[in-house]
file model.txt (compact mmCIF, C-alpha atoms)
# COMPACT_ATOMS: atom_id res chain seq x y z
CA MET A 7 46.66 7.28 15.24
CA VAL A 8 43.96 7.28 17.96
CA SER A 9 40.60 8.75 17.04
CA ASN A 10 39.06 11.31 19.38
CA LYS A 11 35.59 10.07 18.46
CA SER A 12 33.89 8.24 21.33
CA LEU A 13 32.71 4.67 20.87
CA PHE A 14 29.58 5.53 22.81
CA PRO A 15 26.96 8.25 22.16
CA SER A 16 26.67 10.98 24.76
CA LEU A 17 23.98 10.33 27.33
CA ALA A 18 23.40 14.08 27.47
CA ALA A 19 22.44 14.31 23.80
CA PRO A 20 18.74 15.05 23.24
CA SER A 21 16.66 12.60 21.24
CA THR A 22 15.74 13.14 17.59
CA TYR A 23 12.04 13.48 18.47
CA PHE A 24 10.21 16.24 16.60
CA ASP A 25 6.93 17.62 17.92
CA ARG A 26 4.62 17.94 14.91
CA LYS A 27 2.57 20.58 16.74
CA TYR A 28 5.61 22.85 17.10
CA LYS A 29 4.92 26.28 15.59
CA GLY A 30 7.98 26.62 13.40
CA THR A 31 10.17 24.68 11.02
CA ARG A 32 12.01 21.48 11.90
CA GLN A 33 15.27 23.46 11.84
CA ASP A 34 13.78 26.06 14.22
CA PHE A 35 12.83 23.21 16.54
CA PHE A 36 16.32 21.74 16.72
CA ASN A 37 17.92 25.19 16.98
CA ALA A 38 15.72 25.81 20.04
CA LEU A 39 16.81 22.49 21.55
CA ALA A 40 20.45 23.51 21.25
CA VAL A 41 20.01 26.33 23.77
CA SER A 42 16.92 25.29 25.74
CA ALA A 43 16.96 24.93 29.53
CA THR A 44 13.58 23.12 29.53
CA LEU A 45 13.00 19.40 29.96
CA TYR A 46 10.04 17.24 29.09
CA VAL A 47 9.56 14.52 31.71
CA GLY A 48 7.42 11.49 30.89
CA ASN A 49 6.17 8.21 32.39
CA LEU A 50 5.38 9.83 35.74
CA SER A 51 2.88 8.31 38.10
CA PHE A 52 -0.36 10.29 38.33
CA TYR A 53 0.36 10.52 42.06
CA THR A 54 3.89 11.97 41.88
CA THR A 55 3.94 15.46 43.39
CA GLU A 56 5.66 18.67 42.34
CA GLU A 57 7.67 18.51 45.57
CA GLN A 58 9.05 15.06 44.68
CA ILE A 59 10.03 16.27 41.21
CA LEU A 60 11.76 19.36 42.63
CA ALA A 61 13.71 17.23 45.13
CA LEU A 62 15.03 14.95 42.37
CA PHE A 63 15.63 17.43 39.55
CA GLY A 64 17.12 20.03 41.88
CA LYS A 65 20.15 17.76 42.25
CA CYS A 66 21.27 18.82 38.75
CA GLY A 67 20.96 22.56 39.28
CA PRO A 68 18.60 25.35 40.40
CA VAL A 69 15.08 24.76 39.05
CA LYS A 70 13.25 27.82 37.72
CA ARG A 71 9.77 26.26 37.66
CA ILE A 72 7.84 23.02 37.19
CA ILE A 73 4.71 22.79 35.05
CA MET A 74 2.65 19.69 35.83
CA GLY A 75 0.89 17.99 32.93
CA LEU A 76 -2.88 17.89 33.40
CA ASP A 77 -5.80 15.94 32.00
CA ARG A 78 -7.43 18.37 29.58
CA LEU A 79 -10.94 17.57 30.84
CA LYS A 80 -10.48 16.72 34.53
CA ARG A 81 -7.59 19.12 35.27
CA THR A 82 -5.86 16.35 37.25
CA PRO A 83 -2.22 15.16 36.84
CA CYS A 84 -1.82 12.79 33.89
CA GLY A 85 1.76 11.56 34.01
CA PHE A 86 4.12 14.18 32.58
CA CYS A 87 5.58 17.59 33.33
CA PHE A 88 7.99 20.26 32.15
CA VAL A 89 11.00 21.24 34.24
CA GLU A 90 12.68 24.58 33.52
CA TYR A 91 16.24 25.24 34.64
CA PHE A 92 18.06 28.57 34.53
CA HIS A 93 20.88 27.15 32.41
CA HIS A 94 21.07 24.85 29.38
CA LYS A 95 24.01 22.94 30.89
CA ASP A 96 21.87 21.88 33.87
CA ALA A 97 19.17 20.52 31.56
CA LEU A 98 21.81 18.49 29.69
CA LYS A 99 23.19 17.25 32.99
CA CYS A 100 19.70 16.11 33.95
CA VAL A 101 19.26 14.12 30.72
CA GLN A 102 22.61 12.46 31.38
CA PHE A 103 22.10 11.56 35.03
CA ILE A 104 18.35 11.43 35.70
CA ASN A 105 16.88 9.92 32.51
CA GLY A 106 15.82 6.37 33.42
CA THR A 107 15.92 7.06 37.17
CA LYS A 108 13.07 5.57 39.21
CA LEU A 109 10.64 7.97 40.83
CA ASP A 110 7.63 6.47 42.63
CA ASP A 111 8.83 3.05 41.38
CA ARG A 112 8.68 4.18 37.74
CA ALA A 113 11.56 4.67 35.30
CA ILE A 114 10.99 8.26 34.18
CA ARG A 115 12.05 9.67 30.81
CA THR A 116 13.65 13.07 30.33
CA ASP A 117 14.38 14.90 27.09
CA ILE A 118 15.38 18.42 26.11
CA ASP A 119 12.31 20.42 25.09
CA PRO A 120 12.29 23.53 22.85
CA GLY A 121 10.44 25.46 25.55
CA PHE A 122 7.10 25.46 27.30
CA VAL A 123 4.22 27.47 25.87
CA ASN A 124 0.74 27.75 27.35
CA GLU A 125 -1.69 24.90 26.58
CA ARG A 126 1.11 22.34 26.31
CA GLN A 127 0.43 21.34 29.91
CA TYR A 128 -2.74 19.53 28.80
CA GLY A 129 -2.98 15.96 27.55
CA ARG A 130 -3.62 15.49 23.81
CA GLY A 131 -5.61 12.24 24.04
CA LYS A 132 -9.30 12.07 23.13
CA SER A 133 -10.14 11.22 26.74
CA GLY A 134 -8.21 14.27 28.02
CA GLY A 135 -5.04 12.47 29.14
CA GLN A 136 -1.97 11.41 27.20
CA VAL A 137 -2.30 9.59 23.88
CA ARG A 138 -0.19 6.69 25.17
CA ASP A 139 -2.83 5.98 27.83
CA GLU A 140 -5.57 5.78 25.19
CA TYR A 141 -4.18 2.54 23.76
CA ARG A 142 -2.38 0.99 26.73
CA LYS A 143 -3.33 -2.68 27.05
CA GLU A 144 -1.91 -3.48 30.49
CA TYR A 145 -3.35 -2.39 33.83
CA ASP A 146 -1.25 0.40 35.39
CA ALA A 147 -2.32 1.51 38.86
CA GLY A 148 0.09 4.46 38.75
CA ARG A 149 -1.51 5.83 35.57
CA GLY A 150 -5.23 5.48 36.20
CA GLY A 151 -5.74 1.73 35.76
CA TRP A 152 -6.76 0.48 32.33
CA GLY A 153 -6.13 2.41 29.13
CA ALA A 154 -9.01 4.79 28.36
CA GLN A 155 -10.30 2.88 25.33
CA ASP A 156 -9.91 -0.55 26.92
CA PHE A 157 -11.84 0.50 30.02
CA SER A 158 -14.60 2.09 27.95
CA GLN A 159 -14.95 -1.18 26.02
CA PHE A 160 -14.97 -3.13 29.29
CA GLU A 161 -17.70 -0.88 30.71
CA ALA A 162 -19.80 -1.26 27.55
CA MET A 163 -19.49 -5.05 27.61
CA GLN A 164 -20.29 -5.15 31.32
CA GLU A 165 -23.40 -3.03 30.82
CA GLN A 166 -24.53 -5.19 27.89
CA ARG A 167 -24.00 -8.35 29.91
CA LEU A 168 -25.96 -7.04 32.90
CA ALA A 169 -28.79 -5.74 30.67
CA LYS A 170 -29.05 -9.09 28.87
CA GLN A 171 -28.96 -10.95 32.16
CA GLU A 172 -31.71 -8.77 33.61
CA GLU A 173 -33.82 -9.20 30.46
CA THR A 174 -33.45 -12.98 30.67
CA TYR A 175 -34.44 -13.02 34.32
CA ASN A 176 -37.47 -10.77 33.74
CA SER A 177 -38.69 -12.70 30.68
CA SER A 178 -38.76 -15.90 32.71
CA GLY A 179 -41.32 -14.36 35.05
CA ALA A 180 -39.47 -15.72 38.05
CA GLY A 181 -37.12 -12.79 38.55
CA ILE A 182 -33.48 -13.09 39.52
CA PRO A 183 -32.73 -16.51 41.06
CA THR A 184 -31.87 -16.43 44.76
CA GLY A 185 -28.36 -17.76 44.19
CA ALA A 186 -27.57 -15.14 41.54
CA ARG A 187 -29.26 -12.12 43.14
CA ASP A 188 -26.31 -10.98 45.24
CA ASP A 189 -23.81 -11.43 42.38
CA PHE A 190 -26.03 -9.50 39.95
CA TYR A 191 -26.56 -6.50 42.18
CA GLN A 192 -22.93 -6.52 43.35
CA ALA A 193 -21.75 -6.36 39.71
CA SER A 194 -24.05 -3.38 39.13
CA ARG A 195 -22.74 -1.63 42.24
CA ASN A 196 -19.14 -2.34 41.25
CA LEU A 197 -19.62 -0.74 37.83
CA THR A 198 -21.09 2.38 39.44
CA ALA A 199 -18.45 2.46 42.16
CA LYS A 200 -15.64 2.22 39.62
CA ARG A 201 -16.87 5.38 37.91
CA GLU A 202 -17.26 7.27 41.18
CA ASP A 203 -14.01 6.14 42.82
CA ASP A 204 -11.48 6.60 40.03
CA ASP A 205 -10.08 9.71 41.73
CA ASP A 206 -10.67 8.56 45.32
CA ALA A 207 -7.59 9.36 47.41
CA ASP A 208 -8.28 6.30 49.58
CA GLY A 209 -7.95 3.88 46.66
CA TYR A 210 -9.84 2.48 43.71
CA VAL A 211 -12.01 -0.48 42.73
CA ASP A 212 -10.56 -2.86 40.15
CA GLU A 213 -12.47 -4.62 37.38
CA PHE A 214 -13.33 -7.48 39.74
CA GLY A 215 -14.88 -5.18 42.32
CA ARG A 216 -11.93 -5.42 44.70
CA HIS A 217 -10.74 -2.32 46.55
CA ARG A 218 -7.10 -1.47 45.88
CA PRO A 219 -4.98 1.04 47.87
CA ASN A 220 -3.90 4.30 46.32
CA PRO A 221 -0.25 3.72 45.26
CA ARG A 222 0.61 7.22 46.44
CA PHE A 223 0.04 6.08 50.02
CA ARG A 224 1.57 2.62 49.76
CA PRO A 225 3.27 1.40 52.97
call {"tool": "encode", "arguments": {"input": "model.txt", "output": "structure tokens"}}
result
Amino acid sequence: MVSNKSLFPSLAAPSTYFDRKYKGTRQDFFNALAVSATLYVGNLSFYTTEEQILALFGKCGPVKRIIMGLDRLKRTPCGFCFVEYFHHKDALKCVQFINGTKLDDRAIRTDIDPGFVNERQYGRGKSGGQVRDEYRKEYDAGRGGWGAQDFSQFEAMQEQRLAKQEETYNSSGAGIPTGARDDFYQASRNLTAKREDDDDADGYVDEFGRHRPNPRFRP
């Protein structure tokens, strides 16, 4: 006798993720998933546009609306969004065919969501963005560079190093040596420039003071 049970799980099945901030019981949450036409989309580049998302997700069915995820403090895109379809079947189709697809050179993640409610468009991290970007260790140009905590630590160490260096130079009475003067002031300018240019559409300055192009406008 041949079993009708598939050897492989359905790609259209939603994950078992449960949002602890959901206002309802766990059963209410999963009941909502069973009929929802809303998708959560993660791992987006900060530079991916609503138009790009519509072009890709519209291939699975008519899109009702797109809600871009925003940094809670800056009100700038922070790497996620919600996509609402008119029909549950189109959302399932999207999970099956678009989850893992590359958009702006990033493998995006899609999952059925119980439904968008106001305020969910904002990042939940302490720095205003997503929590995952608080603790990220690697440099990611598509998601704002260094993780928020790592860059804050880097800035603090850089400021301490420059302050100690300046104190040493001043205590000697001779001032900053000629050979080190340019490097010292360039490091100070780089630290200031990094703060000012984080959202510069023309690019950004990395931790070594080098200008990098905005990945949104890569050739």
call {"tool": "atom_distance", "arguments": {"input": "model.txt", "atom1": "CA of Leu60 (chain A)", "atom2": "CA of Ser133 (chain A)"}}
result
28.3 Å
call {"tool": "closest_residue", "arguments": {"input": "model.txt", "among": "A:Asp77, A:Lys143, A:Ser21, A:Val69", "to": "Gln102 (chain A)", "atoms": "only C-alpha atoms"}}
result
A:Ser21
call {"tool": "closest_residue", "arguments": {"input": "model.txt", "among": "A:Gly30, A:Pro68, A:Gly153, A:Gly135", "to": "Lys95 (chain A)", "atoms": "only C-alpha atoms"}}
result
A:Pro68
call {"tool": "atom_distance", "arguments": {"input": "model.txt", "atom1": "CA of Gly75 (chain A)", "atom2": "CA of Gln33 (chain A)"}}
result
26.1 Å
call {"tool": "residues_around", "arguments": {"input": "model.txt", "residues": "Gly48 (chain A)", "least_positions_apart": "4", "cutoff": "10 Å", "atoms": "all atoms listed in the file", "output": "ChimeraX atom specification"}}
result
/A:75,84-88,105,113-117
call {"tool": "write_last_selection", "arguments": {"input": "model.txt", "atoms": "C-alpha atoms", "output": "PDB file, in the coordinates of the input"}}
result
ATOM      1  CA  GLY A  75       0.890  17.990  32.930  1.00  0.00           C
ATOM      2  CA  CYS A  84      -1.820  12.790  33.890  1.00  0.00           C
ATOM      3  CA  GLY A  85       1.760  11.560  34.010  1.00  0.00           C
ATOM      4  CA  PHE A  86       4.120  14.180  32.580  1.00  0.00           C
ATOM      5  CA  CYS A  87       5.580  17.590  33.330  1.00  0.00           C
ATOM      6  CA  PHE A  88       7.990  20.260  32.150  1.00  0.00           C
ATOM      7  CA  ASN A 105      16.880   9.920  32.510  1.00  0.00           C
ATOM      8  CA  ALA A 113      11.560   4.670  35.300  1.00  0.00           C
ATOM      9  CA  ILE A 114      10.990   8.260  34.180  1.00  0.00           C
ATOM     10  CA  ARG A 115      12.050   9.670  30.810  1.00  0.00           C
ATOM     11  CA  THR A 116      13.650  13.070  30.330  1.00  0.00           C
ATOM     12  CA  ASP A 117      14.380  14.900  27.090  1.00  0.00           C
TER      13      ASP A 117
END
call {"tool": "closest_residue", "arguments": {"input": "model.txt", "among": "A:Cys66, A:Glu173, A:Asp139, A:Lys99", "to": "Gly151 (chain A)", "atoms": "all atoms listed in the file"}}
result
A:Asp139
call {"tool": "residues_around", "arguments": {"input": "model.txt", "residues": "Leu45 (chain A)", "least_positions_apart": "2", "cutoff": "9 Å", "atoms": "all atoms listed in the file", "output": "VMD selection string"}}
result
chain A and resid 42 to 43 47 87 to 91 97 to 98 100 to 101 116 to 122
call {"tool": "closest_residue", "arguments": {"input": "model.txt", "among": "A:Arg32, A:Phe52, A:Thr22, A:Glu165", "to": "Ala147 (chain A)", "atoms": "all atoms listed in the file"}}
result
A:Phe52
call {"tool": "atom_distance", "arguments": {"input": "model.txt", "atom1": "CA of Phe103 (chain A)", "atom2": "CA of Arg138 (chain A)"}}
result
24.9 Å
call {"tool": "closest_residue", "arguments": {"input": "model.txt", "among": "A:Asp96, A:Ala61, A:Gly67, A:Asp25", "to": "Val41 (chain A)", "atoms": "only C-alpha atoms"}}
result
A:Asp96
call {"tool": "closest_residue", "arguments": {"input": "model.txt", "among": "A:Tyr53, A:Tyr28, A:Lys80, A:Leu39", "to": "Asp110 (chain A)", "atoms": "only C-alpha atoms"}}
result
A:Tyr53
call {"tool": "build_atoms", "arguments": {"input": "model.txt", "residues": "region 49-60 of chain A", "atoms": "all heavy atoms", "output": "mmCIF file, keeping the file's coordinate frame"}}
result
data_model
loop_
_atom_site.group_PDB
_atom_site.id
_atom_site.type_symbol
_atom_site.label_atom_id
_atom_site.label_comp_id
_atom_site.auth_asym_id
_atom_site.auth_seq_id
_atom_site.Cartn_x
_atom_site.Cartn_y
_atom_site.Cartn_z
ATOM 1 N N ASN A 49 6.378 9.463 31.653
ATOM 2 C CA ASN A 49 6.170 8.210 32.390
ATOM 3 C C ASN A 49 6.086 8.418 33.894
ATOM 4 O O ASN A 49 6.435 7.538 34.679
ATOM 5 C CB ASN A 49 7.261 7.178 32.078
ATOM 6 C CG ASN A 49 6.810 5.756 32.412
ATOM 7 O OD1 ASN A 49 5.660 5.394 32.173
ATOM 8 N ND2 ASN A 49 7.700 4.951 32.975
ATOM 9 N N LEU A 50 5.597 9.571 34.306
ATOM 10 C CA LEU A 50 5.380 9.830 35.740
ATOM 11 C C LEU A 50 4.132 9.100 36.215
ATOM 12 O O LEU A 50 3.193 8.874 35.447
ATOM 13 C CB LEU A 50 5.202 11.320 35.988
ATOM 14 C CG LEU A 50 6.409 12.234 35.806
ATOM 15 C CD1 LEU A 50 5.967 13.690 35.901
ATOM 16 C CD2 LEU A 50 7.476 11.935 36.841
ATOM 17 N N SER A 51 4.119 8.780 37.479
ATOM 18 C CA SER A 51 2.880 8.310 38.100
ATOM 19 C C SER A 51 1.927 9.490 38.226
ATOM 20 O O SER A 51 2.355 10.640 38.398
ATOM 21 C CB SER A 51 3.181 7.757 39.505
ATOM 22 O OG SER A 51 1.985 7.630 40.259
ATOM 23 N N PHE A 52 0.628 9.226 38.137
ATOM 24 C CA PHE A 52 -0.360 10.290 38.330
ATOM 25 C C PHE A 52 -0.282 10.861 39.743
ATOM 26 O O PHE A 52 -0.788 11.942 40.007
ATOM 27 C CB PHE A 52 -1.775 9.754 38.101
ATOM 28 C CG PHE A 52 -2.105 9.455 36.659
ATOM 29 C CD1 PHE A 52 -1.156 9.563 35.660
ATOM 30 C CD2 PHE A 52 -3.390 9.062 36.314
ATOM 31 C CE1 PHE A 52 -1.468 9.290 34.332
ATOM 32 C CE2 PHE A 52 -3.726 8.788 34.992
ATOM 33 C CZ PHE A 52 -2.759 8.900 34.006
ATOM 34 N N TYR A 53 0.347 10.131 40.654
ATOM 35 C CA TYR A 53 0.360 10.520 42.060
ATOM 36 C C TYR A 53 1.670 11.202 42.486
ATOM 37 O O TYR A 53 1.812 11.625 43.625
ATOM 38 C CB TYR A 53 0.112 9.294 42.943
ATOM 39 C CG TYR A 53 -1.159 8.578 42.574
ATOM 40 C CD1 TYR A 53 -1.127 7.408 41.806
ATOM 41 C CD2 TYR A 53 -2.393 9.085 42.953
ATOM 42 C CE1 TYR A 53 -2.299 6.765 41.439
ATOM 43 C CE2 TYR A 53 -3.573 8.453 42.588
ATOM 44 C CZ TYR A 53 -3.520 7.288 41.834
ATOM 45 O OH TYR A 53 -4.680 6.658 41.460
ATOM 46 N N THR A 54 2.626 11.297 41.567
ATOM 47 C CA THR A 54 3.890 11.970 41.880
ATOM 48 C C THR A 54 3.638 13.471 42.038
ATOM 49 O O THR A 54 2.961 14.084 41.225
ATOM 50 C CB THR A 54 4.923 11.719 40.774
ATOM 51 O OG1 THR A 54 5.202 10.316 40.710
ATOM 52 C CG2 THR A 54 6.225 12.461 41.065
ATOM 53 N N THR A 55 4.202 14.050 43.080
ATOM 54 C CA THR A 55 3.940 15.460 43.390
ATOM 55 C C THR A 55 5.024 16.376 42.839
ATOM 56 O O THR A 55 6.143 15.951 42.523
ATOM 57 C CB THR A 55 3.847 15.674 44.909
ATOM 58 O OG1 THR A 55 5.145 15.413 45.488
ATOM 59 C CG2 THR A 55 2.821 14.745 45.536
ATOM 60 N N GLU A 56 4.699 17.652 42.780
ATOM 61 C CA GLU A 56 5.660 18.670 42.340
ATOM 62 C C GLU A 56 6.854 18.713 43.291
ATOM 63 O O GLU A 56 7.997 18.920 42.869
ATOM 64 C CB GLU A 56 4.968 20.027 42.281
ATOM 65 C CG GLU A 56 5.816 21.136 41.707
ATOM 66 C CD GLU A 56 5.040 22.425 41.506
ATOM 67 O OE1 GLU A 56 3.810 22.356 41.362
ATOM 68 O OE2 GLU A 56 5.679 23.500 41.514
ATOM 69 N N GLU A 57 6.597 18.491 44.581
ATOM 70 C CA GLU A 57 7.670 18.510 45.570
ATOM 71 C C GLU A 57 8.660 17.372 45.336
ATOM 72 O O GLU A 57 9.881 17.565 45.468
ATOM 73 C CB GLU A 57 7.083 18.401 46.990
ATOM 74 C CG GLU A 57 6.334 19.633 47.475
ATOM 75 C CD GLU A 57 4.959 19.790 46.833
ATOM 76 O OE1 GLU A 57 4.446 18.790 46.266
ATOM 77 O OE2 GLU A 57 4.406 20.903 46.882
ATOM 78 N N GLN A 58 8.157 16.197 44.970
ATOM 79 C CA GLN A 58 9.050 15.060 44.680
ATOM 80 C C GLN A 58 9.913 15.360 43.452
ATOM 81 O O GLN A 58 11.104 15.032 43.416
ATOM 82 C CB GLN A 58 8.221 13.801 44.413
ATOM 83 C CG GLN A 58 7.571 13.197 45.643
ATOM 84 C CD GLN A 58 6.666 12.026 45.260
ATOM 85 O OE1 GLN A 58 5.559 12.229 44.772
ATOM 86 N NE2 GLN A 58 7.158 10.821 45.462
ATOM 87 N N ILE A 59 9.296 15.948 42.440
ATOM 88 C CA ILE A 59 10.030 16.270 41.210
ATOM 89 C C ILE A 59 11.116 17.305 41.500
ATOM 90 O O ILE A 59 12.256 17.175 41.041
ATOM 91 C CB ILE A 59 9.051 16.786 40.134
ATOM 92 C CG1 ILE A 59 8.092 15.655 39.738
ATOM 93 C CG2 ILE A 59 9.801 17.295 38.913
ATOM 94 C CD1 ILE A 59 6.917 16.110 38.897
ATOM 95 N N LEU A 60 10.790 18.321 42.287
ATOM 96 C CA LEU A 60 11.760 19.360 42.630
ATOM 97 C C LEU A 60 12.937 18.757 43.402
ATOM 98 O O LEU A 60 14.099 19.099 43.147
ATOM 99 C CB LEU A 60 11.095 20.451 43.457
ATOM 100 C CG LEU A 60 11.997 21.594 43.932
ATOM 101 C CD1 LEU A 60 12.614 22.318 42.737
ATOM 102 C CD2 LEU A 60 11.213 22.570 44.804
#
